[in-house]
>>> print(open('model31.cif').read())   # mmCIF, C-alpha atoms
data_target
#
loop_
_atom_site.label_atom_id
_atom_site.label_comp_id
_atom_site.auth_asym_id
_atom_site.auth_seq_id
_atom_site.Cartn_x
_atom_site.Cartn_y
_atom_site.Cartn_z
CA MET A 12 -17.45 14.37 41.22
CA ALA A 13 -16.08 11.07 39.99
CA MET A 14 -17.32 11.85 36.49
CA ASP A 15 -15.51 15.19 36.64
CA LYS A 16 -12.27 13.42 37.44
CA VAL A 17 -12.79 10.91 34.64
CA SER A 18 -13.45 13.75 32.26
CA ASN A 19 -10.31 15.56 33.49
CA VAL A 20 -8.25 12.45 32.81
CA TRP A 21 -9.84 12.17 29.35
CA VAL A 22 -9.16 15.82 28.52
CA TYR A 23 -5.56 15.42 29.62
CA LEU A 24 -4.90 12.16 27.80
CA SER A 25 -6.71 13.05 24.59
CA SER A 26 -4.39 15.98 24.10
CA SER A 27 -1.30 13.81 24.41
CA PRO A 28 0.11 11.76 21.50
CA LEU A 29 0.35 8.75 23.85
CA LEU A 30 -3.38 8.02 23.75
CA HIS A 31 -3.79 7.77 19.99
CA LEU A 32 -0.49 5.99 19.48
CA THR A 33 -1.49 3.37 22.05
CA MET A 34 -5.01 3.19 20.63
CA THR A 35 -3.64 2.42 17.16
CA LEU A 36 -1.37 -0.36 18.46
CA VAL A 37 -3.98 -1.91 20.76
CA VAL A 38 -6.83 -1.82 18.23
CA TYR A 39 -4.64 -3.32 15.50
CA GLN A 40 -3.52 -6.16 17.77
CA ILE A 41 -7.12 -6.92 18.76
CA GLY A 42 -8.01 -6.89 15.05
CA ASP A 43 -5.11 -9.17 14.25
CA LEU A 44 -6.12 -11.56 17.04
CA LEU A 45 -9.71 -11.73 15.74
CA TYR A 46 -8.36 -12.28 12.22
CA ARG A 47 -6.18 -15.22 13.35
CA ARG A 48 -8.92 -16.68 15.57
CA SER A 49 -11.34 -16.61 12.64
CA GLY A 50 -8.92 -18.67 10.57
CA ARG A 51 -7.90 -15.56 8.60
CA SER A 52 -11.38 -14.70 7.40
CA PRO A 53 -11.01 -11.96 4.74
CA LEU A 54 -13.93 -10.07 6.33
CA LEU A 55 -11.96 -9.67 9.55
CA ASN A 56 -9.03 -7.98 7.83
CA PRO A 57 -7.11 -6.26 10.67
CA VAL A 58 -6.51 -3.04 8.71
CA LEU A 59 -10.22 -2.74 7.91
CA ILE A 60 -11.24 -3.47 11.52
CA SER A 61 -8.71 -0.98 12.90
CA VAL A 62 -9.56 1.81 10.46
CA THR A 63 -13.31 1.40 11.01
CA SER A 64 -13.25 1.15 14.77
CA ILE A 65 -10.76 3.99 15.25
CA SER A 66 -12.81 6.18 12.89
CA VAL A 67 -15.97 5.44 14.89
CA VAL A 68 -14.21 6.33 18.16
CA LEU A 69 -12.91 9.59 16.67
CA VAL A 70 -16.38 10.58 15.46
CA PHE A 71 -18.02 9.80 18.82
CA THR A 72 -15.36 11.57 20.86
CA HIS A 73 -15.33 14.58 18.49
CA THR A 74 -11.61 14.10 17.93
CA SER A 75 -10.16 15.68 14.80
CA TYR A 76 -8.00 13.60 12.45
CA GLU A 77 -5.18 16.07 13.08
CA SER A 78 -5.09 15.37 16.81
CA TYR A 79 -5.39 11.60 16.22
CA PHE A 80 -2.49 11.83 13.77
CA GLU A 81 -0.27 13.57 16.34
CA GLY A 82 -0.07 10.22 18.10
CA ALA A 83 -0.51 7.91 15.11
CA GLN A 84 2.27 9.61 13.13
CA PHE A 85 4.83 7.49 14.96
CA VAL A 86 3.30 4.38 13.40
CA HIS A 87 2.87 6.11 10.04
CA PHE A 88 6.52 7.19 10.08
CA LEU A 89 7.71 3.58 10.08
CA LEU A 90 6.26 3.13 6.56
CA GLY A 91 9.42 4.76 5.18
CA PRO A 92 12.03 2.41 6.68
CA ALA A 93 9.65 -0.55 6.12
CA THR A 94 9.49 0.26 2.40
CA VAL A 95 13.31 0.41 2.28
CA ALA A 96 13.36 -2.97 4.06
CA LEU A 97 11.33 -4.54 1.22
CA ALA A 98 14.71 -4.79 -0.54
CA ILE A 99 15.49 -7.80 1.67
CA PRO A 100 12.80 -10.23 0.41
CA LEU A 101 13.60 -8.89 -3.06
CA TYR A 102 17.30 -9.70 -2.60
CA ASN A 103 16.58 -13.15 -1.15
CA GLN A 104 14.26 -14.00 -4.04
CA PHE A 105 16.17 -12.15 -6.74
CA GLU A 106 16.94 -15.27 -8.77
CA LYS A 107 13.20 -15.99 -9.12
CA VAL A 108 12.50 -12.37 -10.05
CA ARG A 109 15.27 -12.42 -12.67
CA GLN A 110 14.08 -15.70 -14.19
CA SER A 111 10.57 -14.36 -14.72
CA ALA A 112 11.61 -10.81 -15.64
CA VAL A 113 9.96 -10.75 -19.08
CA GLY A 114 6.63 -12.16 -17.85
CA LEU A 115 6.80 -9.90 -14.83
CA ILE A 116 7.19 -6.72 -16.87
CA LEU A 117 4.48 -7.62 -19.42
CA ALA A 118 2.00 -8.70 -16.73
CA LEU A 119 2.79 -5.56 -14.74
CA ILE A 120 2.23 -3.20 -17.68
CA ALA A 121 -1.05 -4.93 -18.58
CA GLY A 122 -2.31 -5.03 -14.98
CA SER A 123 -1.35 -1.44 -14.33
CA THR A 124 -3.04 -0.26 -17.54
CA VAL A 125 -6.22 -2.20 -16.75
CA ALA A 126 -6.36 -0.95 -13.14
CA ALA A 127 -5.89 2.69 -14.15
CA GLY A 128 -7.82 2.57 -17.44
CA SER A 129 -10.87 0.79 -16.04
CA ALA A 130 -10.98 3.19 -13.08
CA GLY A 131 -11.07 6.09 -15.54
CA PHE A 132 -13.66 4.33 -17.70
CA PHE A 133 -16.00 3.49 -14.79
CA ALA A 134 -15.71 7.01 -13.43
CA TRP A 135 -16.48 8.48 -16.86
CA VAL A 136 -19.47 6.16 -17.34
CA SER A 137 -20.82 7.18 -13.91
CA GLY A 138 -20.76 10.78 -15.07
CA ALA A 139 -17.80 11.87 -12.94
CA THR A 140 -16.26 15.29 -13.53
CA PRO A 141 -12.74 15.41 -15.08
CA ASP A 142 -11.13 16.31 -11.75
CA LEU A 143 -12.79 13.29 -10.08
CA ILE A 144 -11.69 11.01 -12.94
CA ALA A 145 -8.14 12.36 -12.58
CA SER A 146 -8.25 11.66 -8.84
CA LEU A 147 -9.38 8.05 -9.36
CA ILE A 148 -7.05 6.88 -12.14
CA PRO A 149 -3.82 6.70 -10.07
CA LYS A 150 -5.58 4.74 -7.27
CA SER A 151 -3.43 1.59 -7.52
CA VAL A 152 -0.09 3.35 -7.07
CA THR A 153 1.68 3.93 -3.75
CA THR A 154 0.31 7.07 -2.02
CA PRO A 155 3.09 9.65 -2.61
CA ILE A 156 3.28 8.84 -6.35
CA ALA A 157 -0.51 8.72 -6.71
CA MET A 158 -0.87 12.15 -5.11
CA GLY A 159 1.83 13.59 -7.35
CA VAL A 160 0.20 12.14 -10.47
CA ALA A 161 -3.27 13.38 -9.42
CA GLU A 162 -1.82 16.86 -9.02
CA LYS A 163 -0.29 16.79 -12.52
CA LEU A 164 -3.67 15.70 -13.92
CA ASP A 165 -5.46 18.55 -12.07
CA GLY A 166 -7.24 16.11 -9.76
CA LEU A 167 -7.69 16.31 -5.99
CA PRO A 168 -4.57 14.79 -4.38
CA SER A 169 -6.14 14.38 -0.93
CA LEU A 170 -9.10 12.46 -2.39
CA THR A 171 -6.59 10.33 -4.30
CA ALA A 172 -4.83 9.49 -1.02
CA ALA A 173 -8.13 8.21 0.41
CA VAL A 174 -8.96 6.20 -2.73
CA VAL A 175 -5.46 4.68 -2.78
CA ILE A 176 -5.88 3.40 0.77
CA LEU A 177 -9.37 2.02 0.00
CA SER A 178 -8.05 0.23 -3.12
CA GLY A 179 -5.24 -1.24 -1.04
CA ILE A 180 -7.65 -2.57 1.57
CA VAL A 181 -10.10 -3.96 -1.02
CA GLY A 182 -7.30 -5.70 -2.94
CA ALA A 183 -5.74 -7.15 0.22
CA ILE A 184 -9.10 -8.48 1.41
CA LEU A 185 -10.63 -9.78 -1.84
CA GLY A 186 -7.55 -10.43 -3.99
CA PRO A 187 -6.17 -13.63 -2.45
CA PRO A 188 -9.54 -15.46 -2.09
CA ILE A 189 -10.49 -14.58 -5.69
CA LEU A 190 -7.11 -15.70 -7.04
CA ASN A 191 -7.34 -18.96 -5.06
CA TRP A 192 -10.87 -19.48 -6.36
CA LEU A 193 -9.67 -18.93 -9.94
CA GLY A 194 -6.92 -21.49 -9.35
CA LEU A 195 -4.14 -18.89 -9.77
CA LEU A 196 -2.04 -20.25 -6.93
CA ASP A 197 1.49 -19.31 -8.07
CA SER A 198 3.06 -17.13 -5.34
CA ARG A 199 4.87 -15.04 -7.94
CA ALA A 200 1.60 -14.22 -9.73
CA GLN A 201 -0.30 -13.55 -6.49
CA GLY A 202 2.43 -11.28 -5.12
CA LEU A 203 2.82 -9.38 -8.38
CA ALA A 204 -0.95 -8.87 -8.69
CA LEU A 205 -1.24 -7.60 -5.10
CA GLY A 206 1.65 -5.18 -5.60
CA VAL A 207 0.34 -3.86 -8.92
CA ALA A 208 -3.24 -3.22 -7.78
CA SER A 209 -2.84 -2.62 -4.04
CA HIS A 210 0.70 -1.17 -3.58
CA GLY A 211 2.09 -1.38 -0.01
CA ILE A 212 -1.09 -2.73 1.57
CA GLY A 213 -1.02 -5.49 -1.03
CA ALA A 214 2.66 -6.09 -0.22
CA GLY A 215 1.74 -6.35 3.47
CA ARG A 216 -0.84 -9.00 2.56
CA ALA A 217 1.67 -10.76 0.25
CA LEU A 218 4.11 -11.06 3.18
CA GLN A 219 1.52 -13.26 4.89
CA ILE A 220 1.57 -15.61 1.86
CA ASN A 221 5.36 -16.11 1.71
CA GLU A 222 8.66 -14.41 0.93
CA THR A 223 8.34 -15.03 -2.82
CA ALA A 224 4.99 -13.26 -2.94
CA ALA A 225 6.44 -10.40 -0.88
CA ALA A 226 9.40 -9.97 -3.23
CA PHE A 227 7.16 -9.83 -6.31
CA ALA A 228 4.76 -7.44 -4.57
CA GLY A 229 7.64 -5.15 -3.60
CA ILE A 230 9.03 -4.97 -7.12
CA ALA A 231 5.52 -4.59 -8.57
CA MET A 232 4.80 -1.64 -6.28
CA GLY A 233 8.05 0.10 -7.25
CA LEU A 234 7.83 -0.54 -11.00
CA ASN A 235 4.12 0.28 -11.19
CA GLY A 236 4.85 3.58 -9.46
CA LEU A 237 7.63 4.39 -11.91
CA PHE A 238 5.57 3.33 -14.94
CA THR A 239 2.50 5.32 -13.86
CA ALA A 240 4.44 8.43 -12.86
CA ALA A 241 6.30 8.46 -16.17
CA LEU A 242 3.47 7.62 -18.58
CA LEU A 243 0.08 8.55 -17.11
CA PRO A 244 0.49 12.36 -17.32
CA VAL A 245 1.65 12.03 -20.96
CA ILE A 246 -1.29 9.77 -21.92
CA TRP A 247 -3.79 11.95 -20.03
CA ASN A 248 -2.59 15.15 -21.77
CA SER A 249 -2.85 13.51 -25.18
CA ILE A 250 -6.51 12.59 -24.51
CA PHE A 251 -7.71 15.83 -22.88
CA MET B 28 19.95 -3.65 15.77
CA LEU B 29 20.58 0.07 16.05
CA SER B 30 22.99 0.05 13.13
CA ALA B 31 20.46 -1.82 10.97
CA LEU B 32 17.68 0.65 11.76
CA THR B 33 20.10 3.50 11.12
CA LEU B 34 21.02 2.02 7.75
CA LEU B 35 17.33 1.89 6.73
CA LEU B 36 16.81 5.51 7.80
CA VAL B 37 20.01 6.73 6.12
CA LEU B 38 18.97 5.07 2.84
CA GLN B 39 15.49 6.59 3.09
CA LEU B 40 17.09 9.98 3.74
CA VAL B 41 19.46 9.63 0.78
CA GLY B 42 16.48 8.50 -1.34
CA GLU B 43 14.43 11.54 -0.30
CA ALA B 44 17.38 13.87 -0.98
CA ILE B 45 17.93 12.44 -4.50
CA VAL B 46 14.19 12.69 -5.26
CA VAL B 47 14.04 16.34 -4.25
CA TYR B 48 17.32 17.29 -5.89
CA PHE B 49 16.69 15.61 -9.26
CA ASP B 50 12.89 15.97 -9.18
CA PHE B 51 12.71 12.18 -9.60
CA PRO B 52 9.25 10.60 -10.13
CA LEU B 53 9.63 8.05 -7.28
CA PRO B 54 9.04 8.43 -3.53
CA GLY B 55 12.21 8.58 -1.41
CA PRO B 56 11.59 5.25 0.37
CA VAL B 57 11.13 3.36 -2.94
CA LEU B 58 14.46 4.77 -4.14
CA GLY B 59 15.91 3.80 -0.74
CA MET B 60 14.71 0.23 -1.41
CA LEU B 61 16.65 0.18 -4.70
CA LEU B 62 19.75 1.58 -2.93
CA LEU B 63 19.52 -1.13 -0.25
CA LEU B 64 19.18 -3.78 -2.96
CA ILE B 65 22.39 -2.50 -4.58
CA ILE B 66 24.18 -2.51 -1.20
CA LEU B 67 23.05 -6.08 -0.51
CA PHE B 68 24.46 -7.20 -3.85
CA LEU B 69 27.76 -5.41 -3.18
CA ARG B 70 27.97 -6.94 0.29
CA GLY B 71 26.85 -10.34 -0.96
CA GLY B 72 24.32 -10.97 1.80
CA VAL B 73 21.96 -9.76 4.51
CA SER B 74 23.47 -9.40 8.00
CA PRO B 75 21.52 -11.15 10.80
CA SER B 76 20.73 -7.86 12.55
CA LEU B 77 19.41 -6.23 9.36
CA SER B 78 17.33 -9.31 8.67
CA GLN B 79 15.91 -9.18 12.21
CA VAL B 80 15.00 -5.47 12.06
CA ALA B 81 13.50 -5.83 8.58
CA GLN B 82 11.40 -8.77 9.67
CA GLY B 83 10.16 -6.85 12.68
CA LEU B 84 9.03 -3.98 10.45
CA LEU B 85 7.66 -6.06 7.58
CA GLN B 86 5.66 -8.48 9.72
CA ARG B 87 3.52 -5.53 10.76
CA LEU B 88 3.59 -3.67 7.45
CA SER B 89 -0.22 -3.72 7.22
CA MET B 90 -0.54 -1.96 10.59
CA LEU B 91 1.57 0.94 9.35
CA PHE B 92 -1.23 1.89 6.93
CA VAL B 93 -3.84 2.31 9.69
CA PRO B 94 -3.13 6.03 10.42
CA ALA B 95 -3.40 6.90 6.70
CA GLY B 96 -6.50 4.69 6.44
CA VAL B 97 -8.24 6.61 9.22
CA GLY B 98 -7.53 9.71 7.10
CA VAL B 99 -10.23 8.46 4.70
CA THR B 100 -12.77 9.76 7.25
CA THR B 101 -11.76 13.33 6.39
CA HIS B 102 -13.18 12.77 2.89
CA LEU B 103 -16.49 11.17 3.79
CA VAL B 104 -18.58 13.99 2.31
CA LEU B 105 -16.69 13.90 -0.99
CA ILE B 106 -16.89 10.09 -1.08
CA LYS B 107 -20.63 10.16 -0.35
CA ASP B 108 -21.24 12.68 -3.13
CA SER B 109 -19.64 10.51 -5.80
CA TRP B 110 -19.89 7.08 -4.19
CA GLN B 111 -20.86 5.38 -7.45
CA ALA B 112 -17.76 6.35 -9.44
CA ILE B 113 -15.52 5.82 -6.42
CA SER B 114 -16.84 2.40 -5.46
CA LEU B 115 -16.67 1.13 -9.06
CA ALA B 116 -13.11 2.41 -9.42
CA VAL B 117 -12.01 1.13 -6.02
CA VAL B 118 -13.62 -2.31 -6.07
CA ILE B 119 -14.07 -3.40 -9.69
CA SER B 120 -10.92 -1.80 -11.17
CA THR B 121 -8.72 -3.06 -8.37
CA LEU B 122 -10.02 -6.61 -8.79
CA LEU B 123 -9.69 -6.39 -12.59
CA GLY B 124 -6.09 -5.23 -12.15
CA ILE B 125 -5.36 -8.12 -9.79
CA ILE B 126 -6.95 -10.74 -12.03
CA VAL B 127 -5.35 -9.52 -15.28
CA THR B 128 -1.89 -9.33 -13.67
CA ALA B 129 -2.14 -12.77 -12.09
CA VAL B 130 -3.56 -14.46 -15.22
CA LEU B 131 -0.85 -13.00 -17.48
CA MET B 132 1.94 -13.71 -15.00
CA THR B 133 0.76 -17.31 -14.67
CA ILE B 134 0.60 -17.81 -18.45
CA LEU B 135 3.91 -16.04 -19.15
CA THR B 136 5.87 -17.95 -16.51
CA ARG B 137 4.24 -21.32 -17.04
CA ALA B 138 6.45 -22.07 -20.07
CA ARG B 139 9.41 -22.45 -17.73
CA LYS B 140 8.60 -24.60 -14.74
CA HIS B 141 10.12 -23.24 -11.59
CA GLY B 142 7.45 -24.30 -9.20
CA ASP B 143 5.76 -22.36 -6.47
CA GLY B 144 7.67 -20.47 -3.80
#
>>> encode(input="model31.cif", output="structure tokens")
Amino acid sequence: MAMDKVSNVWVYLSSSPLLHLTMTLVVYQIGDLLYRRSGRSPLLNPVLISVTSISVVLVFTHTSYESYFEGAQFVHFLLGPATVALAIPLYNQFEKVRQSAVGLILALIAGSTVAAGSAGFFAWVSGATPDLIASLIPKSVTTPIAMGVAEKLDGLPSLTAAVVILSGIVGAILGPPILNWLGLLDSRAQGLALGVASHGIGAGRALQINETAAAFAGIAMGLNGLFTAALLPVIWNSIF
Amino acid sequence: MLSALTLLLVLQLVGEAIVVYFDFPLPGPVLGMLLLLIILFLRGGVSPSLSQVAQGLLQRLSMLFVPAGVGVTTHLVLIKDSWQAISLAVVISTLLGIIVTAVLMTILTRARKHGDG
């Protein structure tokens, strides 16, 4: 009897957006708490913890991504206004951005080319089909641009979306410790690198470094998107 | 507070509208970011309420990617089938991109000493 009631409550709640919205917020905050408690251990990245544990719950409860997203969309929606808000660190740090404009643009073009080119090269070496290669090349660009580019290259936009998120998480987790280890401690360089290779997730990580890093990550994300959207389809069509 | 949030949404909306109308190769929110930057320069500063709302959103920017991240699970079969190409592209290329960008940026800005932020 009691189990029946529990299962009734579950059936009711799992069909309401409230459950998955709350789940997303609660799991992220637990992840964030573990991350802080561990002294910001890269392995306990809160995005990685949240994505993995929510995915496991969805699989075990036979919940489709669509019904999870009905609740989680309210969190997802805030990405738009948050991206607009990146103008504020950029404005506050604009003098620094302006002073390093030449270096910024050259480093950005090189980093963007290496990220996209090496992805294509590794995919090709692993024997990937052209549509898989096309889906992997735009992986460092912010999701909407990456999906648009993948479509123009006859790739699989939805696979691109997944690869973009994975690249963001990998860069946010491994980027800062590797850069620190290499002695590349300049906040401008760290922020720019995170924005170029890991788009918004990198910018989110850069915000934890400082406002300078965040400003450079924000501009890197925007310019890399523009650069890739404008040039990649042209380069791709001249090769294939 | 409300006016600041409204401003962010209005700029995103205008950004989206421009993108669709002119078939512009940037997402609406990124264009909205550029519009806000222009407005901040015209106004000559960030109002305290806008600063507060922006900070509230940006402090949790990473969390906002969780719903899209869970979406990766819908591609598990595809990822499993070509895990080698995908993992090389995702891990090695991303790290190469990060290292090349940071090395060049450090070298190219070292000439002029401005110090760390």
>>> resolve_selection(input="model31.cif", expression="the PyMOL selection byres ((chain B and resi 123) around 12)", output="PyMOL selection string")
(chain A and resi 121-130+133+151+178+181-182+185-186+189-190+204-205+207-209) or (chain B and resi 115-122+124-130)
>>> closest_atom_pairs(input="model31.cif", of="chain B", to="chain A", cutoff="7 Å", atoms="only C-alpha atoms", output="tab-separated table")
residue	atom	partner	partner_atom	distance
B:Leu35	CA	A:Pro92	CA	5.3
B:Leu36	CA	A:Pro92	CA	5.8
B:Gln39	CA	A:Pro92	CA	6.5
B:Pro52	CA	A:Ala240	CA	5.9
B:Leu53	CA	A:Leu237	CA	6.2
B:Pro54	CA	A:Pro155	CA	6.1
B:Pro56	CA	A:Gly91	CA	5.3
B:Val57	CA	A:Gly233	CA	6.2
B:Gly59	CA	A:Val95	CA	5.2
B:Met60	CA	A:Val95	CA	4.0
B:Leu61	CA	A:Ala98	CA	6.8
B:Leu63	CA	A:Ala98	CA	6.1
B:Leu64	CA	A:Ala98	CA	5.2
B:Ala81	CA	A:Ala96	CA	5.4
B:Leu84	CA	A:Ala93	CA	5.6
B:Leu85	CA	A:Ala93	CA	6.0
B:Leu88	CA	A:Gly215	CA	5.1
B:Ser89	CA	A:Gly215	CA	5.0
B:Met90	CA	A:Val58	CA	6.4
B:Leu91	CA	A:His87	CA	5.4
B:Phe92	CA	A:His87	CA	6.7
B:Val93	CA	A:Val62	CA	5.8
B:Pro94	CA	A:Ala83	CA	5.7
B:Gly96	CA	A:Val62	CA	5.8
B:Val97	CA	A:Val62	CA	5.1
B:Gly98	CA	A:Tyr76	CA	6.6
B:Val99	CA	A:Ala173	CA	4.8
B:Thr100	CA	A:Ser66	CA	6.7
B:His102	CA	A:Leu170	CA	6.7
B:Gln111	CA	A:Ser137	CA	6.7
B:Ala112	CA	A:Ala134	CA	4.5
B:Leu115	CA	A:Phe133	CA	6.2
B:Ala116	CA	A:Ala130	CA	4.3
B:Val117	CA	A:Ser178	CA	5.0
B:Val118	CA	A:Val181	CA	6.4
B:Ser120	CA	A:Ala126	CA	5.0
B:Thr121	CA	A:Ala208	CA	5.5
B:Leu122	CA	A:Gly182	CA	6.5
B:Leu123	CA	A:Ala126	CA	6.4
B:Gly124	CA	A:Ala126	CA	4.4
B:Ile125	CA	A:Ala204	CA	4.6
B:Val127	CA	A:Gly122	CA	5.4
B:Thr128	CA	A:Gly122	CA	4.5
B:Ala129	CA	A:Ala200	CA	4.7
B:Leu131	CA	A:Ala118	CA	5.2
B:Met132	CA	A:Ala118	CA	5.3
B:Thr133	CA	A:Ala200	CA	5.9
B:Leu135	CA	A:Gly114	CA	4.9
B:Thr136	CA	A:Gly114	CA	6.0
B:Asp143	CA	A:Asp197	CA	5.5
B:Gly144	CA	A:Thr223	CA	5.6
>>> atom_distance(input="model31.cif", atom1="CA of Trp110 (chain B)", atom2="CA of Asp142 (chain A)")
14.8 Å
>>> atom_distance(input="model31.cif", atom1="CA of Ile184 (chain A)", atom2="CA of Leu54 (chain A)")
7.1 Å
>>> closest_residue(input="model31.cif", among="B:Met28, B:Ile113, B:Leu34, B:Ile134", to="Ile66 (chain B)", atoms="only C-alpha atoms")
B:Leu34
>>> atom_distance(input="model31.cif", atom1="CA of Ser78 (chain B)", atom2="CA of Ala31 (chain B)")
8.4 Å
>>> closest_residue(input="model31.cif", among="A:Pro28, A:Thr74, A:Lys163, A:Arg51", to="Thr101 (chain B)", atoms="all atoms listed in the file")
A:Thr74
>>> axis_aligned_box(input="model31.cif", around="region 80-98 of chain B", padding_each_side="3 Å", output="JSON")
{"center_x": 3.4, "center_y": 0.5, "center_z": 9.6, "size_x": 29.2, "size_y": 24.5, "size_z": 12.2}
>>> closest_residue(input="model31.cif", among="B:Ala95, B:Val46, B:Leu77, B:Leu69", to="Thr33 (chain B)", atoms="all atoms listed in the file")
B:Leu77
>>> build_atoms(input="model31.cif", residues="region 43-60 of chain B", atoms="N, CA and C atoms", output="compact mmCIF listing (two decimals), in the coordinates of the input")
# COMPACT_ATOMS: atom_id res chain seq x y z
N GLU B 43 15.23 10.30 -0.30
CA GLU B 43 14.43 11.54 -0.30
C GLU B 43 15.25 12.70 -0.90
N ALA B 44 16.54 12.77 -0.51
CA ALA B 44 17.38 13.87 -0.98
C ALA B 44 17.53 13.80 -2.50
N ILE B 45 17.77 12.59 -3.03
CA ILE B 45 17.93 12.44 -4.50
C ILE B 45 16.64 12.85 -5.21
N VAL B 46 15.49 12.39 -4.65
CA VAL B 46 14.19 12.69 -5.26
C VAL B 46 13.97 14.20 -5.35
N VAL B 47 14.26 14.90 -4.26
CA VAL B 47 14.04 16.34 -4.25
C VAL B 47 15.03 17.04 -5.18
N TYR B 48 16.28 16.62 -5.11
CA TYR B 48 17.32 17.29 -5.89
C TYR B 48 17.11 17.12 -7.39
N PHE B 49 16.82 15.87 -7.82
CA PHE B 49 16.69 15.61 -9.26
C PHE B 49 15.25 15.63 -9.74
N ASP B 50 14.31 15.95 -8.84
CA ASP B 50 12.89 15.97 -9.18
C ASP B 50 12.49 14.63 -9.81
N PHE B 51 12.87 13.56 -9.15
CA PHE B 51 12.71 12.18 -9.60
C PHE B 51 11.28 11.71 -9.36
N PRO B 52 10.67 10.97 -10.31
CA PRO B 52 9.25 10.60 -10.13
C PRO B 52 9.01 9.39 -9.22
N LEU B 53 9.83 9.17 -8.20
CA LEU B 53 9.63 8.05 -7.28
C LEU B 53 9.66 8.58 -5.86
N PRO B 54 8.92 7.98 -4.91
CA PRO B 54 9.04 8.43 -3.53
C PRO B 54 10.41 8.04 -2.96
N GLY B 55 10.91 8.84 -2.03
CA GLY B 55 12.21 8.58 -1.41
C GLY B 55 12.40 7.16 -0.90
N PRO B 56 11.40 6.61 -0.15
CA PRO B 56 11.59 5.25 0.37
C PRO B 56 11.72 4.18 -0.71
N VAL B 57 11.02 4.35 -1.85
CA VAL B 57 11.13 3.36 -2.94
C VAL B 57 12.54 3.41 -3.53
N LEU B 58 13.08 4.64 -3.67
CA LEU B 58 14.46 4.77 -4.14
C LEU B 58 15.42 4.18 -3.11
N GLY B 59 15.11 4.39 -1.82
CA GLY B 59 15.91 3.80 -0.74
C GLY B 59 15.93 2.28 -0.83
N MET B 60 14.79 1.69 -1.23
CA MET B 60 14.71 0.23 -1.41
C MET B 60 15.67 -0.22 -2.49
